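Q: Got a structure for you, questions after.
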Amino acid sequence: MGKRAALLCGAAALLVAGTCAAVPAPAGASTAAGLTWKACGTARYPALQCASLKVPLDHAEPRGRQITLALSRVPHTARVSEGPLLVNPGGPGGSGRTLAGHVAAALPKEVAARYDVIGFDPRGVGASRPALDCRPGHFAPVRHASVPDSPEVERAGLARARAFAEACGRKYARVLPYIDTVSAARDLDLIRRALGAGRLNYFGYSYGTYLGAVYARLFPDRVRRMVLDSVVDPTDVWYDANLAQDHAFDDRHRAFLAWVARHDAVYGLGTDPAAVERRWYALRAALEKRPAGRKVGAAELEDTFLPGGYYNGYWPYLAEAFAAYANDGDAGPLVAAYEEFGAVDAAGDNNYSVYTAVECRDARWPRDWHRWRSDNGAAHEKAPFMTWNNAWYNAPCAFWPTRPLHPVDVSNAHLPPVLLFQATGDAATPYEGAVRMRRMLHGSALVVEDGGGNHGVTLSGNGCLDGHLTAYLTRGTVPAAASGPGVRNEPDAACAPLPDPKPLVDGGRAASRGAALHALLGFRGQGRA
């Protein structure tokens, strides 16, 4: 890796990313460096255009088998362009084509006008080909309960996990060795090249933060600006990261239950958060014996309420469903909530197939189930909400047919300043991971939503956070990094969170920028566009 001084425009670039002269916009062509863009706009995002790009399945064999990546863009409209801004919603397994429309619409017009906002479906995902679907219907209801409180339940869970891994191996034996983060990062560089850009700008959420950091490690001289929102801990890929999630999601679930208790006048579930929590776990136990509407058993209940740990905008809908069943035995709202938040459709099957393929390939997972039983049993004692649900979600990795790679050390002292955003109470990517990433990316800055708990915090209605984002994308400026002994655990800037949601009135539905974003980010990589 060369010295940064050779890559930047001057000493001021130590605190300003991408300060080199912007490139004048080409005159209205729809073809750029071999990409042919066609209109594919939607009612919400009419300016979207789509294209496709062939890339090698195996980057070590560039002339070998080719696969196809599906791309989208909202082209810049200003006279001067800042170049491409690649956006990724996370996952792994999340489709990013529609996210380009959201980012372009949610940024200030004068900022979006200067970027070609580029979305993409990573290899294996969505409209890219081949698109993985290892075992259709893997999440069909009603599944066995998650908590393995009997040998029969544990055997059923193990058989199901093994069946998924074996199905993937049979269907995609030639493909699975190349569904991983490093391969996806190398795809990003081919997208950059196809766009005719010397350097790229990148904006990733969730797993997209790790993908961006890996790209930056591989190609540091090709990064112009980089935004990482809701940051993966790059030192815990991936088994330990999931165990950390279990505790964080339990905390977030209790925050939801406390919110329900504060609104007892609406939901009638009690004013004591501990009592409301007992009623929720009693509901789970009852559904294990008698699923609601023959669709929502204990595991499906966990699936339904898990999204509330990602985004508190879902809390009013989940509380209504909880209250209707717990107070009145009315299964209708609970089944509707499951179908909205918990049910997995064909796109979800694809997302999950890529999720497992990437996570199981990226790093080593225990092959001895005794280790899983011990670690998850200990976590469940303190975090009973979704520990075992999460364990079974990842359990195919215990039987995965491809050998694991080694996680990438993303430490990097050769980048322009990178801007990180993080809520302190984020469950999917706990706060400590953002602190570690900040330490590993020299010169980066961390902006926190202090007291917030949502996953994905920019472009969702927080003007303070979006102000920092706008300044960075406009001028490359980041909050001045703290210096001196012992201060690297502190954020460089802090913003207050948005207020918690209010209960819905007369069955209405809330519309917000946060809801639009989280429909695209989804949960566990399963976008709900």
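Naming scheme: A, B, ... for chains in displayed order of the structure tokens; residues 1 onward per chain; ligands 1 onward as shown.
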If we count only C-alpha atoms and set the cut-off at 12 Å, which residues sit around Val260 of chain A, ignoring sequence neighbours fewer than 2 positions away in its own chain? Please answer as an MDAnalysis selection string.
A: chainID A and resid 253:258 262:277 279:280 312 315:323 500:503
Q: I'd like to know which residues of segment 342-432 of chain A are helix (DSSP H, G or I) (by DSSP, run on the backbone); could you write them as a PyMOL selection string?
A: chain A and resi 342+346-362+369-382+387-399+431-432
Q: Tell me which of A:Leu473, A:Asn390, A:Asp250, A:Arg79 sits closest to Tyr202 of chain A, counting only C-alpha atoms.
A: A:Leu473
Q: Excluding Ser411 of chain A and any residue of its chain fewer than 5 positions from it, enumerate the residues within 9 Å of it, using only C-alpha atoms, and give them as an MDAnalysis selection string.
A: chainID A and resid 213 217 437 439:442
Q: Grab the residues selected above and save them as a PDB file, in the first residue's frame with all heavy atoms.
A:
```
ATOM      1  N   ALA A 213     -15.753  -1.801   4.600  1.00  0.00           N
ATOM      2  CA  ALA A 213     -14.440  -1.832   5.234  1.00  0.00           C
ATOM      3  C   ALA A 213     -13.522  -2.844   4.558  1.00  0.00           C
ATOM      4  O   ALA A 213     -12.304  -2.606   4.425  1.00  0.00           O
ATOM      5  CB  ALA A 213     -14.577  -2.144   6.717  1.00  0.00           C
ATOM      6  N   ARG A 217     -10.006  -2.094   2.596  1.00  0.00           N
ATOM      7  CA  ARG A 217      -8.747  -2.784   2.884  1.00  0.00           C
ATOM      8  C   ARG A 217      -8.107  -3.310   1.594  1.00  0.00           C
ATOM      9  O   ARG A 217      -6.884  -3.260   1.415  1.00  0.00           O
ATOM     10  CB  ARG A 217      -8.990  -3.932   3.865  1.00  0.00           C
ATOM     11  CG  ARG A 217      -7.735  -4.725   4.209  1.00  0.00           C
ATOM     12  CD  ARG A 217      -6.675  -3.859   4.881  1.00  0.00           C
ATOM     13  NE  ARG A 217      -5.410  -4.554   5.024  1.00  0.00           N
ATOM     14  CZ  ARG A 217      -4.844  -4.830   6.185  1.00  0.00           C
ATOM     15  NH1 ARG A 217      -5.436  -4.464   7.308  1.00  0.00           N
ATOM     16  NH2 ARG A 217      -3.693  -5.451   6.231  1.00  0.00           N
ATOM     17  N   MET A 437     -14.419  -0.352  15.163  1.00  0.00           N
ATOM     18  CA  MET A 437     -14.188   0.012  13.767  1.00  0.00           C
ATOM     19  C   MET A 437     -13.529   1.386  13.692  1.00  0.00           C
ATOM     20  O   MET A 437     -12.611   1.604  12.870  1.00  0.00           O
ATOM     21  CB  MET A 437     -15.508   0.015  12.994  1.00  0.00           C
ATOM     22  CG  MET A 437     -15.345   0.313  11.503  1.00  0.00           C
ATOM     23  SD  MET A 437     -14.649  -1.040  10.531  1.00  0.00           S
ATOM     24  CE  MET A 437     -16.167  -1.975  10.182  1.00  0.00           C
ATOM     25  N   ARG A 439     -11.508   2.735  15.782  1.00  0.00           N
ATOM     26  CA  ARG A 439     -10.097   2.586  16.115  1.00  0.00           C
ATOM     27  C   ARG A 439      -9.311   2.005  14.946  1.00  0.00           C
ATOM     28  O   ARG A 439      -8.140   2.347  14.734  1.00  0.00           O
ATOM     29  CB  ARG A 439      -9.935   1.667  17.323  1.00  0.00           C
ATOM     30  CG  ARG A 439     -10.439   2.230  18.638  1.00  0.00           C
ATOM     31  CD  ARG A 439     -10.371   1.138  19.698  1.00  0.00           C
ATOM     32  NE  ARG A 439     -10.835   1.577  21.001  1.00  0.00           N
ATOM     33  CZ  ARG A 439     -11.105   0.767  22.010  1.00  0.00           C
ATOM     34  NH1 ARG A 439     -10.936  -0.549  21.841  1.00  0.00           N
ATOM     35  NH2 ARG A 439     -11.523   1.237  23.156  1.00  0.00           N
ATOM     36  N   MET A 440      -9.936   1.111  14.200  1.00  0.00           N
ATOM     37  CA  MET A 440      -9.221   0.384  13.153  1.00  0.00           C
ATOM     38  C   MET A 440      -9.085   1.186  11.864  1.00  0.00           C
ATOM     39  O   MET A 440      -8.192   0.901  11.054  1.00  0.00           O
ATOM     40  CB  MET A 440      -9.924  -0.950  12.884  1.00  0.00           C
ATOM     41  CG  MET A 440      -9.904  -1.873  14.101  1.00  0.00           C
ATOM     42  SD  MET A 440     -10.872  -3.384  13.903  1.00  0.00           S
ATOM     43  CE  MET A 440      -9.780  -4.359  12.880  1.00  0.00           C
ATOM     44  N   LEU A 441      -9.958   2.159  11.658  1.00  0.00           N
ATOM     45  CA  LEU A 441      -9.889   3.003  10.464  1.00  0.00           C
ATOM     46  C   LEU A 441      -9.284   4.340  10.882  1.00  0.00           C
ATOM     47  O   LEU A 441      -9.966   5.215  11.400  1.00  0.00           O
ATOM     48  CB  LEU A 441     -11.280   3.197   9.857  1.00  0.00           C
ATOM     49  CG  LEU A 441     -12.021   1.931   9.443  1.00  0.00           C
ATOM     50  CD1 LEU A 441     -13.371   2.265   8.821  1.00  0.00           C
ATOM     51  CD2 LEU A 441     -11.186   1.084   8.486  1.00  0.00           C
ATOM     52  N   HIS A 442      -8.002   4.479  10.670  1.00  0.00           N
ATOM     53  CA  HIS A 442      -7.271   5.655  11.135  1.00  0.00           C
ATOM     54  C   HIS A 442      -7.864   6.934  10.551  1.00  0.00           C
ATOM     55  O   HIS A 442      -8.105   7.020   9.345  1.00  0.00           O
ATOM     56  CB  HIS A 442      -5.799   5.543  10.733  1.00  0.00           C
ATOM     57  CG  HIS A 442      -4.968   6.713  11.152  1.00  0.00           C
ATOM     58  ND1 HIS A 442      -4.561   6.894  12.450  1.00  0.00           N
ATOM     59  CD2 HIS A 442      -4.475   7.759  10.445  1.00  0.00           C
ATOM     60  CE1 HIS A 442      -3.845   8.003  12.527  1.00  0.00           C
ATOM     61  NE2 HIS A 442      -3.782   8.547  11.322  1.00  0.00           N
TER      62      HIS A 442
END
```
